[in-house]
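Source file: work31.tsv (TSV, C-alpha atoms)
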```
chain	number	residue	atom	x	y	z
A	1	MET	CA	0.00	0.00	0.00
A	2	ALA	CA	1.09	3.57	-0.67
A	3	SER	CA	-0.23	7.05	0.05
A	4	ASN	CA	-0.86	9.62	-2.61
A	5	ARG	CA	-0.04	13.29	-2.10
A	6	ASN	CA	-3.43	13.89	-0.44
A	7	GLY	CA	-2.74	11.26	2.18
A	8	CYS	CA	-5.22	8.74	0.76
A	9	VAL	CA	-4.00	5.17	0.97
A	10	VAL	CA	-4.14	3.37	-2.36
A	11	ALA	CA	-2.79	0.07	-3.56
A	12	ALA	CA	0.32	0.98	-5.51
A	13	GLU	CA	-0.01	-1.79	-8.08
A	14	SER	CA	-3.69	-1.25	-8.92
A	15	GLY	CA	-3.66	2.34	-10.23
A	16	THR	CA	-6.16	5.12	-9.56
A	17	ASP	CA	-9.33	3.00	-9.60
A	18	ASP	CA	-8.65	1.20	-6.33
A	19	PHE	CA	-9.47	3.69	-3.58
A	20	THR	CA	-9.92	3.02	0.09
A	21	ALA	CA	-13.30	3.88	1.59
A	22	ARG	CA	-11.94	7.29	2.60
A	23	GLY	CA	-10.53	7.90	-0.86
A	24	GLU	CA	-13.79	6.90	-2.53
A	25	LYS	CA	-15.76	9.21	-0.22
A	26	VAL	CA	-13.47	12.14	-1.01
A	27	ARG	CA	-13.75	11.37	-4.73
A	28	GLU	CA	-17.56	11.39	-4.50
A	29	GLU	CA	-17.49	14.67	-2.54
A	30	LEU	CA	-15.24	16.19	-5.18
A	31	GLY	CA	-17.59	15.03	-7.93
A	32	ALA	CA	-20.57	16.57	-6.12
A	33	TYR	CA	-18.63	19.81	-5.59
A	34	LEU	CA	-17.69	20.01	-9.27
A	35	GLU	CA	-21.31	19.44	-10.32
A	36	LYS	CA	-22.46	22.22	-8.00
A	37	LEU	CA	-19.69	24.49	-9.26
A	38	GLU	CA	-20.79	23.92	-12.85
A	39	LYS	CA	-24.44	24.69	-11.99
A	40	ASP	CA	-23.41	27.81	-10.10
A	41	GLY	CA	-21.29	28.93	-13.05
A	42	LEU	CA	-24.18	28.49	-15.46
A	43	ARG	CA	-26.51	30.37	-13.11
A	44	PHE	CA	-23.96	33.20	-12.85
A	45	GLU	CA	-23.64	33.45	-16.63
A	46	GLU	CA	-27.44	33.55	-17.03
A	47	GLN	CA	-27.74	36.27	-14.39
A	48	ARG	CA	-24.95	38.27	-16.01
A	49	ALA	CA	-26.66	38.04	-19.40
A	50	ARG	CA	-29.95	39.29	-17.90
A	51	ILE	CA	-28.21	42.19	-16.16
A	52	LEU	CA	-26.34	43.20	-19.30
A	53	ALA	CA	-29.55	43.03	-21.34
A	54	ARG	CA	-31.32	45.26	-18.79
A	55	GLU	CA	-28.45	47.75	-18.83
A	56	ALA	CA	-28.51	47.82	-22.64
A	57	VAL	CA	-32.24	48.59	-22.61
A	58	LYS	CA	-31.69	51.37	-20.07
A	59	ALA	CA	-28.86	52.84	-22.13
A	60	GLU	CA	-30.97	52.69	-25.28
A	61	LYS	CA	-33.87	54.44	-23.54
A	62	GLY	CA	-31.47	57.10	-22.25
A	63	LEU	CA	-30.16	57.74	-25.74
A	64	ALA	CA	-33.67	57.88	-27.19
A	65	THR	CA	-34.85	60.50	-24.65
A	66	ALA	CA	-31.64	62.56	-24.90
A	67	GLY	CA	-31.72	62.76	-28.68
```
As structure tokens, the full file:
Amino acid sequence: MASNRNGCVVAAESGTDDFTARGEKVREELGAYLEKLEKDGLRFEEQRARILAREAVKAEKGLATAG
């Protein structure tokens, strides 16, 4: 048995697919975190697009009333 740089004990001869229970749990937590991060990123991009669209409409209205 060997430890990787994160301190998880893995069987040296079996590669990255043979995790201990702790290693498997951390891997699942990381997967869940990455899924949440992706959803949050998409939500942020959608919000940003809505805000920019609103600002563009406001700017257009301001130009129309000033001209």
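Our summary of the geometry notes that CA of Ala56 in chain A is positioned 24.2 Å from CA of Asp40 in chain A.
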Using only the atoms of range 54-62 of chain A listed in the file, plus 8 Å on each side, state the axis-aligned box centre and edge lengths in Å rounded to one decimal, as lines of an AutoDock Vina configuration file.
```
center_x = -31.2
center_y = 51.2
center_z = -22.0
size_x = 21.4
size_y = 27.8
size_z = 22.5
```
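As for CA of Ala64 in chain A and CA of Ala49 in chain A, they are spaced 22.4 Å apart.
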